[in-house]
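Asker: Dropping the structure in here first, questions after.
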There are 2 protein chains.
Amino acid sequence: MQFKHKKLSNGLVLIGEINPPAKSAAVGYFVRTGARDETLEINGVSHYLEHMLFKGNDKLSALEVNEAFDIRGAQFNAFTSEEQTVFYAAVLPEYLIEITELWAGLMRPALRDDDFTIEKNVIKEEIAMYQDTPTFDVIDRCRSLHFGTHNCGQSVLGTVETVDALTAEQMREYFGRRYAPNNMVVACAGSFDWDRFCETVEAVSGKWPAQEVGRTLTHFEGTKQKARAEKANVKREHLCLMHTGVAAQDPRRFAASLLSMIIGDDFGSRFYWDLVDKALTEEASMQFGPMDGTGMFYCYFRCGTSNAGKVMDIVQGIFRDLAANGVREDEVSKAQNKVLSALVLKNELPMGRLLDLGFNCMYLGEYRSIEQDVEAIKGVQVEDVNRLIREIDLNSFTQYSLGPIVS
Amino acid sequence: MQFKHKKLSNGLVLIGEINPPAKSAAVGYFVRTGARDETLEINGVSHYLEHMLFKGNDKLSALEVNEAFDIRGAQFNAFTSEEQTVFYAAVLPEYLIEITELWAGLMRPALRDDDFTIEKNVIKEEIAMYQDTPTFDVIDRCRSLHFGTHNCGQSVLGTVETVDALTAEQMREYFGRRYAPNNMVVACAGSFDWDRFCETVEAVSGKWPAQEVGRTLTHFEGTKQKARAEKANVKREHLCLMHTGVAAQDPRRFAASLLSMIIGDDFGSRFYWDLVDKALTEEASMQFGPMDGTGMFYCYFRCGTSNAGKVMDIVQGIFRDLAANGVREDEVSKAQNKVLSALVLKNELPMGRLLDLGFNCMYLGEYRSIEQDVEAIKGVQVEDVNRLIREIDLNSFTQYSLGPIVS
């Protein structure tokens, strides 16, 4: 494995991890923009814009874009989160340069008015579909409640109202500010020629002008409020809790990933034994969500509405026990195995490796090898996890419940 | 890459592809048994038995089995098809031997009466869930219609009736006949020590007695019948067509995979341009299904019921055109790119590689490197695809429609 990096004069960062025996290569554009970089008025524009990039540019129609990926057998996709918009593809090494050139061209989309109008319905359907999925909806609502007026509370999809009101002009203005070369990273992993990769990116992107770009970075503890919403067509109780977390840049992030595994992994966790194995909930999980300059943990439970009170009593009992007695040595070593295994298996494919490469560059401004992350996870001690438990205060959290109408 | 193989005196075949720089390893048991090896009376037993293996053996309870995988961070699963039952796991190299030992032990399950009774409800729920999924249901029904009394027409899940009537004694009898060491292959791929792998498997499995095992292998052209079923809660028309195909052992299988890609890939295929792009169907696909000694192609369409006639006219027009004029050079080279890319990307992970290793061993009794398959796909000529079109007769197929009640 060889790591390479380069910065163009307009600020565009190129990084690559070369793995000659790999049989494929993966390339991705990471744009440092997402829901938290939007104003409330244009909430949802980042995600909508992600869709619009596939509509083509001055040279290619939407159909030609699809065909260009298709004839090269590329496996490609994109996603938008609170903090990133990421476009990526995995290909056979012989097509890497052509696909890189294609992506680079798509980063300067036409944003045609008629495409904008047609795509608006697709976006609104997607919003409706997610709102009809209680598991997703309750987490989205809880995030808003938890972050209050902090910019991390904004929904990635936006609302039907904000999307309806959005104009193509507003999107073009947002695009102009956020898709600046100095707000992007192009990453490549697998089997590829670094020099040709750089030449290709530079030829297309070297003249894009740099912009003033930034992001409001403030840590936020969360509002710790409680709320419940009712929906006639929801049959089960869906509960989401959010705790204060640690940032993607925080050295405690490794202990945080072990803690969420110990408390809320699908199998063998505290939640598993006390809730799922006892058939009190169908699902009970805890995830660690590191973010740029802040972070959170979120728990999700699904159960019968009549059980919800009992479930919350048990959950708070688990939290109190952890606050008083901490985690056990065997829990930490088991969680280390699980986290390590997931990390290594995900990073084995150029496609999986690409995402970690890009995120490390965006969040930390540095390259980290898999071996460095493996060592960091192995190095976490019981006391590190227990100190984190005291610091985040497990007994204090935001709570959102979504369930059937209770008469 | 180094290929290794070994056969124990009881007939158990061990194969391995060693890839030292890989960061994980995958191990799997391939049992040459599935729905086609069942009698009608016990239809569904292979799939039910796959579930029962996770209930443990004389040494381990179901919970202990789960925990044994979990503490090692193994990603594991199993599936049953018409012809195989496969159990597999991906792990960090340091746990490969323990996980191999665990799987080997599970291949001699306890098949306890009480576990059998509890699991019966899980199986029946799974059957109900699939029957409520029209896309799955119509393909299952079409397969039965296509194969008629041939053993490949049997449903993998069985029916609620056959599963209800099945006894634990019948399952034990089936297990005794089919899970013989000479009807199994143990495969390993990635970073591992071949000698230790062999010692581990031999220590657990070396004394299992060989049995008389076999399979009825007859090629079958298909009944070419037509049928339609109505369901009150189905809103769209679901159409499945089945054509005569070629076997997993047939050298024409590479041309067959290109042909199905040209006719029915998700994007850019004949079906795509004439049906999906024209908004006549929401889905239109063709898949090649190679099997042991026989094979088939199946097409699936979803559309409004009032459009079904027009859709079938267009489909038959596509088939007539292909029969008269064949495929074009550019279609073949595009399909080669897509098939190659999917093949290489899938095989890059030890987990993906494992499945091809195991299937090649079971179907062909030989080892094939990825490079051999890549060359075979690159070597297919336009004339090979056109000859296949003439041989299978595209205008002759079995057809099953599932749709709403038409008054």
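Chain lettering (A, B, ...) mirrors the order of the structure tokens, residue numbering begins at 1 for each chain separately, and ligand numbering begins at 1 in order of display.
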Can you check which residues of chain A have any atom within 7 Å of chain B? Use only C-alpha atoms and format it as an MDAnalysis selection string.
Answerer: chainID A and resid 23:24 67 71:73 91:92 268 334 337:338 341 344:345 348:349
Asker: Gly153 in chain B: which residues within 9 Å, counting only C-alpha atoms, same-chain residues fewer than 4 positions away excluded, as JSON, numbers by chain?
Answerer: {"B": [35, 36, 82, 140, 141, 142, 143, 144, 145, 146, 147, 148, 149]}
Asker: Residues within 8 Å of range 218-223 of chain B, please, as a ChimeraX atom specification. Count only C-alpha atoms; anything in the same chain fewer than 6 positions from it doesn't count.
Answerer: /B:145-148,150,242-245,293-295,397-398
Asker: Keeping only C-alpha atoms, write those residues as a CSV table (one decimal), in the first residue's frame.
Answerer:
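See again.csv below for the written result:
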```csv
chain,number,residue,atom,x,y,z
B,145,LEU,CA,-45.2,-24.6,-14.4
B,146,HIS,CA,-42.1,-24.7,-16.5
B,147,PHE,CA,-40.5,-27.8,-15.0
B,148,GLY,CA,-43.8,-29.7,-14.4
B,150,HIS,CA,-39.2,-32.6,-13.3
B,242,MET,CA,-39.1,-19.1,-18.7
B,243,HIS,CA,-37.0,-20.3,-21.7
B,244,THR,CA,-34.9,-23.4,-22.1
B,245,GLY,CA,-31.4,-22.7,-20.9
B,293,GLY,CA,-27.4,-30.8,-15.9
B,294,THR,CA,-30.0,-28.3,-17.1
B,295,GLY,CA,-30.8,-24.6,-17.0
B,397,PHE,CA,-41.4,-20.2,-23.5
B,398,THR,CA,-43.5,-20.9,-20.4
```
Asker: Neighbouring residues of Lys235 in chain A were defined as those with any atom within 9 Å, considering only C-alpha atoms; residues of the same chain fewer than 4 positions away were excluded. Please report them as a list of chain:residue names.
Answerer: A:Lys231, A:Gly304, A:Thr305, A:Gly403, A:Pro404
Asker: Output the selection as a PDB file, in the first residue's frame - N, CA and C atoms for each residue.
Answerer:
```
ATOM      1  N   LYS A 231     -49.306   8.604  15.245  1.00  0.00           N
ATOM      2  CA  LYS A 231     -49.726   8.481  13.851  1.00  0.00           C
ATOM      3  C   LYS A 231     -50.727   7.335  13.783  1.00  0.00           C
ATOM      4  N   GLY A 304     -44.082  -3.119  21.577  1.00  0.00           N
ATOM      5  CA  GLY A 304     -45.492  -2.828  21.741  1.00  0.00           C
ATOM      6  C   GLY A 304     -45.633  -1.568  22.581  1.00  0.00           C
ATOM      7  N   THR A 305     -46.628  -0.738  22.277  1.00  0.00           N
ATOM      8  CA  THR A 305     -46.776   0.525  23.007  1.00  0.00           C
ATOM      9  C   THR A 305     -46.980   0.292  24.507  1.00  0.00           C
ATOM     10  N   GLY A 403     -45.611   6.597  17.921  1.00  0.00           N
ATOM     11  CA  GLY A 403     -46.414   5.399  18.129  1.00  0.00           C
ATOM     12  C   GLY A 403     -47.847   5.612  17.712  1.00  0.00           C
ATOM     13  N   PRO A 404     -48.672   4.592  17.915  1.00  0.00           N
ATOM     14  CA  PRO A 404     -50.089   4.694  17.537  1.00  0.00           C
ATOM     15  C   PRO A 404     -50.821   5.693  18.435  1.00  0.00           C
TER      16      PRO A 404
END
```
Asker: Name the residues of range 72-229 of chain A that fall into alpha helix (DSSP H) according to DSSP on the backbone, using the chain letters and numbers of this document, as a PyMOL selection string.
Answerer: chain A and resi 96-106+113-131+134-147+160-165+168-178+194-205
Asker: Could you write those residues out with C-alpha atoms, as a PDB file, in the first residue's frame?
Answerer:
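Here's the written file part_26.pdb:
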```pdb
ATOM      1  CA  LEU A  96     -10.562   4.092 -13.992  1.00  0.00           C
ATOM      2  CA  ILE A  97      -9.297   7.072 -15.990  1.00  0.00           C
ATOM      3  CA  GLU A  98     -12.442   7.362 -18.110  1.00  0.00           C
ATOM      4  CA  ILE A  99     -14.688   7.120 -15.066  1.00  0.00           C
ATOM      5  CA  THR A 100     -12.600   9.693 -13.182  1.00  0.00           C
ATOM      6  CA  GLU A 101     -12.952  12.042 -16.134  1.00  0.00           C
ATOM      7  CA  LEU A 102     -16.693  11.407 -16.205  1.00  0.00           C
ATOM      8  CA  TRP A 103     -17.117  12.219 -12.494  1.00  0.00           C
ATOM      9  CA  ALA A 104     -14.949  15.311 -12.821  1.00  0.00           C
ATOM     10  CA  GLY A 105     -17.170  16.545 -15.635  1.00  0.00           C
ATOM     11  CA  LEU A 106     -20.314  15.857 -13.619  1.00  0.00           C
ATOM     12  CA  ASP A 113     -34.567  24.202 -15.367  1.00  0.00           C
ATOM     13  CA  ASP A 114     -36.604  21.387 -16.923  1.00  0.00           C
ATOM     14  CA  ASP A 115     -34.509  18.672 -15.230  1.00  0.00           C
ATOM     15  CA  PHE A 116     -34.916  20.574 -11.961  1.00  0.00           C
ATOM     16  CA  THR A 117     -38.710  20.573 -12.309  1.00  0.00           C
ATOM     17  CA  ILE A 118     -38.945  16.873 -13.176  1.00  0.00           C
ATOM     18  CA  GLU A 119     -36.604  15.835 -10.368  1.00  0.00           C
ATOM     19  CA  LYS A 120     -38.590  17.759  -7.767  1.00  0.00           C
ATOM     20  CA  ASN A 121     -41.271  15.065  -7.840  1.00  0.00           C
ATOM     21  CA  VAL A 122     -38.708  12.312  -7.368  1.00  0.00           C
ATOM     22  CA  ILE A 123     -37.372  14.114  -4.289  1.00  0.00           C
ATOM     23  CA  LYS A 124     -40.852  14.660  -2.856  1.00  0.00           C
ATOM     24  CA  GLU A 125     -41.669  10.976  -3.337  1.00  0.00           C
ATOM     25  CA  GLU A 126     -38.468  10.058  -1.519  1.00  0.00           C
ATOM     26  CA  ILE A 127     -39.400  12.339   1.394  1.00  0.00           C
ATOM     27  CA  ALA A 128     -42.871  10.776   1.577  1.00  0.00           C
ATOM     28  CA  MET A 129     -41.432   7.280   1.513  1.00  0.00           C
ATOM     29  CA  TYR A 130     -39.052   7.979   4.401  1.00  0.00           C
ATOM     30  CA  GLN A 131     -41.760   9.740   6.401  1.00  0.00           C
ATOM     31  CA  PRO A 134     -41.279   4.963  11.247  1.00  0.00           C
ATOM     32  CA  THR A 135     -37.759   3.690  12.014  1.00  0.00           C
ATOM     33  CA  PHE A 136     -36.274   6.405   9.837  1.00  0.00           C
ATOM     34  CA  ASP A 137     -38.802   9.056  10.753  1.00  0.00           C
ATOM     35  CA  VAL A 138     -38.333   8.749  14.513  1.00  0.00           C
ATOM     36  CA  ILE A 139     -34.543   9.098  14.226  1.00  0.00           C
ATOM     37  CA  ASP A 140     -34.930  12.155  11.992  1.00  0.00           C
ATOM     38  CA  ARG A 141     -37.394  13.744  14.415  1.00  0.00           C
ATOM     39  CA  CYS A 142     -35.207  12.932  17.404  1.00  0.00           C
ATOM     40  CA  ARG A 143     -32.193  14.513  15.699  1.00  0.00           C
ATOM     41  CA  SER A 144     -34.155  17.737  15.191  1.00  0.00           C
ATOM     42  CA  LEU A 145     -35.281  17.727  18.806  1.00  0.00           C
ATOM     43  CA  HIS A 146     -31.789  16.916  20.081  1.00  0.00           C
ATOM     44  CA  PHE A 147     -29.957  19.586  18.109  1.00  0.00           C
ATOM     45  CA  VAL A 160     -42.013  18.799   1.162  1.00  0.00           C
ATOM     46  CA  GLU A 161     -42.505  22.523   1.855  1.00  0.00           C
ATOM     47  CA  THR A 162     -38.854  23.575   1.555  1.00  0.00           C
ATOM     48  CA  VAL A 163     -38.332  21.414  -1.526  1.00  0.00           C
ATOM     49  CA  ASP A 164     -41.513  22.746  -3.119  1.00  0.00           C
ATOM     50  CA  ALA A 165     -40.437  26.331  -2.528  1.00  0.00           C
ATOM     51  CA  ALA A 168     -33.332  26.370  -9.577  1.00  0.00           C
ATOM     52  CA  GLU A 169     -31.688  29.742  -9.038  1.00  0.00           C
ATOM     53  CA  GLN A 170     -31.273  29.062  -5.300  1.00  0.00           C
ATOM     54  CA  MET A 171     -29.755  25.683  -6.109  1.00  0.00           C
ATOM     55  CA  ARG A 172     -27.291  27.223  -8.578  1.00  0.00           C
ATOM     56  CA  GLU A 173     -26.299  29.799  -5.978  1.00  0.00           C
ATOM     57  CA  TYR A 174     -25.748  27.073  -3.348  1.00  0.00           C
ATOM     58  CA  PHE A 175     -23.821  24.986  -5.859  1.00  0.00           C
ATOM     59  CA  GLY A 176     -21.568  27.933  -6.715  1.00  0.00           C
ATOM     60  CA  ARG A 177     -20.687  28.467  -3.056  1.00  0.00           C
ATOM     61  CA  ARG A 178     -20.272  24.867  -1.917  1.00  0.00           C
ATOM     62  CA  TRP A 194      -1.317   7.838  -9.656  1.00  0.00           C
ATOM     63  CA  ASP A 195       0.261  10.151 -12.216  1.00  0.00           C
ATOM     64  CA  ARG A 196      -2.376   9.507 -14.867  1.00  0.00           C
ATOM     65  CA  PHE A 197      -5.085   9.928 -12.222  1.00  0.00           C
ATOM     66  CA  CYS A 198      -3.673  13.347 -11.256  1.00  0.00           C
ATOM     67  CA  GLU A 199      -3.320  14.460 -14.881  1.00  0.00           C
ATOM     68  CA  THR A 200      -6.921  13.506 -15.592  1.00  0.00           C
ATOM     69  CA  VAL A 201      -8.350  15.356 -12.589  1.00  0.00           C
ATOM     70  CA  GLU A 202      -6.172  18.389 -13.183  1.00  0.00           C
ATOM     71  CA  ALA A 203      -7.106  18.641 -16.858  1.00  0.00           C
ATOM     72  CA  VAL A 204     -10.806  18.882 -16.003  1.00  0.00           C
ATOM     73  CA  SER A 205     -10.724  20.652 -12.634  1.00  0.00           C
TER      74      SER A 205
END
```
Asker: Separation of CA of Leu166 in chain B and CA of Gly44 in chain B, in Å?
Answerer: 8.9 Å
Asker: Fewer than 3 positions away in the same chain doesn't count, so skip those; otherwise give me all residues within 12 Å of Val315 in chain A, counting only C-alpha atoms, as a VMD selection string.
Answerer: chain A and resid 239 to 241 263 to 264 270 to 276 280 to 281 284 to 286 299 to 301 308 to 312 318 to 322 394 to 395 397
Asker: Would you put the residues from that selection into a file with C-alpha atoms, as a PDB file, in the first residue's frame?
Answerer:
```
ATOM      1  CA  LEU A 239     -38.283   5.083  20.468  1.00  0.00           C
ATOM      2  CA  CYS A 240     -35.160   7.055  19.745  1.00  0.00           C
ATOM      3  CA  LEU A 241     -32.741   8.379  22.382  1.00  0.00           C
ATOM      4  CA  ILE A 263     -24.475  -1.437  24.960  1.00  0.00           C
ATOM      5  CA  GLY A 264     -26.371  -1.875  21.735  1.00  0.00           C
ATOM      6  CA  ARG A 270     -26.506  -5.298  27.138  1.00  0.00           C
ATOM      7  CA  PHE A 271     -29.632  -4.335  25.193  1.00  0.00           C
ATOM      8  CA  TYR A 272     -29.693  -7.727  23.514  1.00  0.00           C
ATOM      9  CA  TRP A 273     -29.698  -9.744  26.722  1.00  0.00           C
ATOM     10  CA  ASP A 274     -32.083  -7.520  28.698  1.00  0.00           C
ATOM     11  CA  LEU A 275     -34.541  -6.552  25.925  1.00  0.00           C
ATOM     12  CA  VAL A 276     -34.347  -8.609  22.715  1.00  0.00           C
ATOM     13  CA  LEU A 280     -39.544  -7.059  25.261  1.00  0.00           C
ATOM     14  CA  THR A 281     -38.388  -5.322  22.080  1.00  0.00           C
ATOM     15  CA  ALA A 284     -32.771  -2.478  20.394  1.00  0.00           C
ATOM     16  CA  SER A 285     -29.600  -0.858  19.187  1.00  0.00           C
ATOM     17  CA  MET A 286     -27.103   1.866  19.949  1.00  0.00           C
ATOM     18  CA  CYS A 299     -30.433   4.367  20.496  1.00  0.00           C
ATOM     19  CA  TYR A 300     -33.437   2.869  18.724  1.00  0.00           C
ATOM     20  CA  PHE A 301     -36.094   0.537  20.155  1.00  0.00           C
ATOM     21  CA  ALA A 308     -42.704   1.121  26.262  1.00  0.00           C
ATOM     22  CA  GLY A 309     -42.661   2.186  29.928  1.00  0.00           C
ATOM     23  CA  LYS A 310     -41.095  -1.088  31.036  1.00  0.00           C
ATOM     24  CA  VAL A 311     -38.536  -0.917  28.212  1.00  0.00           C
ATOM     25  CA  MET A 312     -37.470   2.590  29.261  1.00  0.00           C
ATOM     26  CA  ILE A 318     -28.661  -0.433  32.203  1.00  0.00           C
ATOM     27  CA  PHE A 319     -27.405   3.150  31.996  1.00  0.00           C
ATOM     28  CA  ARG A 320     -27.363   3.518  35.789  1.00  0.00           C
ATOM     29  CA  ASP A 321     -25.501   0.238  36.201  1.00  0.00           C
ATOM     30  CA  LEU A 322     -22.884   1.299  33.646  1.00  0.00           C
ATOM     31  CA  LEU A 394     -25.519   8.169  30.111  1.00  0.00           C
ATOM     32  CA  ASN A 395     -28.486   9.162  32.264  1.00  0.00           C
ATOM     33  CA  PHE A 397     -30.543  12.178  26.840  1.00  0.00           C
TER      34      PHE A 397
END
```
Asker: Need to verify the contact set: Trp208 in chain B, 10 Å, only C-alpha atoms, exclusion of same-chain residues closer than 6 positions in sequence. Can you return it as a list in words?
Answerer: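 Surrounding residues, per the criterion: Ser9, Asn10, Gly11, Leu12, Arg108, Tyr179, Ala180, Pro181, Asn182 and Glu202 of chain B.
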Asker: Set the distance at 6 Å and use only C-alpha atoms: which residues neighbour Gly28 in chain B once local chain neighbours fewer than 5 positions away are removed? I'd like the list as a list in words.
Answerer: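 Residues meeting the cut-off are Phe87, Tyr88, Val186 and Ala187 of chain B.
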Asker: Please produce a file of the residues just selected, as a PDB file, in the first residue's frame, where the atoms kept are all heavy atoms.
Answerer:
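Writing done, so here's part_4.pdb:
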```pdb
ATOM      1  N   PHE B  87     -23.259 -22.840   3.746  1.00  0.00           N
ATOM      2  CA  PHE B  87     -23.020 -22.176   5.027  1.00  0.00           C
ATOM      3  C   PHE B  87     -21.668 -21.483   4.927  1.00  0.00           C
ATOM      4  O   PHE B  87     -20.693 -22.120   4.538  1.00  0.00           O
ATOM      5  CB  PHE B  87     -22.971 -23.211   6.154  1.00  0.00           C
ATOM      6  CG  PHE B  87     -24.222 -24.047   6.246  1.00  0.00           C
ATOM      7  CD1 PHE B  87     -24.382 -25.187   5.458  1.00  0.00           C
ATOM      8  CD2 PHE B  87     -25.243 -23.693   7.113  1.00  0.00           C
ATOM      9  CE1 PHE B  87     -25.544 -25.947   5.534  1.00  0.00           C
ATOM     10  CE2 PHE B  87     -26.406 -24.453   7.204  1.00  0.00           C
ATOM     11  CZ  PHE B  87     -26.559 -25.582   6.404  1.00  0.00           C
ATOM     12  N   TYR B  88     -21.600 -20.203   5.286  1.00  0.00           N
ATOM     13  CA  TYR B  88     -20.332 -19.501   5.053  1.00  0.00           C
ATOM     14  C   TYR B  88     -20.088 -18.405   6.078  1.00  0.00           C
ATOM     15  O   TYR B  88     -21.029 -17.918   6.716  1.00  0.00           O
ATOM     16  CB  TYR B  88     -20.309 -18.918   3.637  1.00  0.00           C
ATOM     17  CG  TYR B  88     -21.425 -17.951   3.366  1.00  0.00           C
ATOM     18  CD1 TYR B  88     -21.236 -16.580   3.513  1.00  0.00           C
ATOM     19  CD2 TYR B  88     -22.689 -18.399   2.998  1.00  0.00           C
ATOM     20  CE1 TYR B  88     -22.264 -15.676   3.276  1.00  0.00           C
ATOM     21  CE2 TYR B  88     -23.716 -17.508   2.771  1.00  0.00           C
ATOM     22  CZ  TYR B  88     -23.506 -16.160   2.910  1.00  0.00           C
ATOM     23  OH  TYR B  88     -24.539 -15.283   2.695  1.00  0.00           O
ATOM     24  N   VAL B 186     -15.785 -28.475   1.423  1.00  0.00           N
ATOM     25  CA  VAL B 186     -15.419 -27.394   2.347  1.00  0.00           C
ATOM     26  C   VAL B 186     -14.410 -26.527   1.608  1.00  0.00           C
ATOM     27  O   VAL B 186     -13.389 -27.030   1.131  1.00  0.00           O
ATOM     28  CB  VAL B 186     -14.693 -27.912   3.612  1.00  0.00           C
ATOM     29  CG1 VAL B 186     -14.766 -26.865   4.709  1.00  0.00           C
ATOM     30  CG2 VAL B 186     -15.241 -29.233   4.050  1.00  0.00           C
ATOM     31  N   ALA B 187     -14.709 -25.232   1.511  1.00  0.00           N
ATOM     32  CA  ALA B 187     -13.828 -24.347   0.761  1.00  0.00           C
ATOM     33  C   ALA B 187     -13.336 -23.217   1.643  1.00  0.00           C
ATOM     34  O   ALA B 187     -14.008 -22.816   2.596  1.00  0.00           O
ATOM     35  CB  ALA B 187     -14.569 -23.776  -0.443  1.00  0.00           C
TER      36      ALA B 187
END
```
Asker: Hey, what does DSSP flag as strand (DSSP E) within range 226-393 of chain B? Can you give it to me as JSON, numbers by chain?
Answerer: {"B": [226, 227, 228, 229, 230, 237, 238, 239, 240, 241, 242, 243, 244, 283, 284, 285, 286, 287, 288, 289, 290, 295, 296, 297, 298, 299, 300, 301, 302, 303]}
Asker: Quick one, how far is CA of Tyr363 in chain B from CA of Thr216 in chain B?
Answerer: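 Atom-to-atom, CA of Tyr363 in chain B and CA of Thr216 in chain B are spaced 14.0 Å apart.
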Asker: For the atom pair CA of Leu8 in chain B and CA of Val213 in chain B, what is the interatomic distance in Å to one decimal place?
Answerer: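 It comes out at 16.4 Å.
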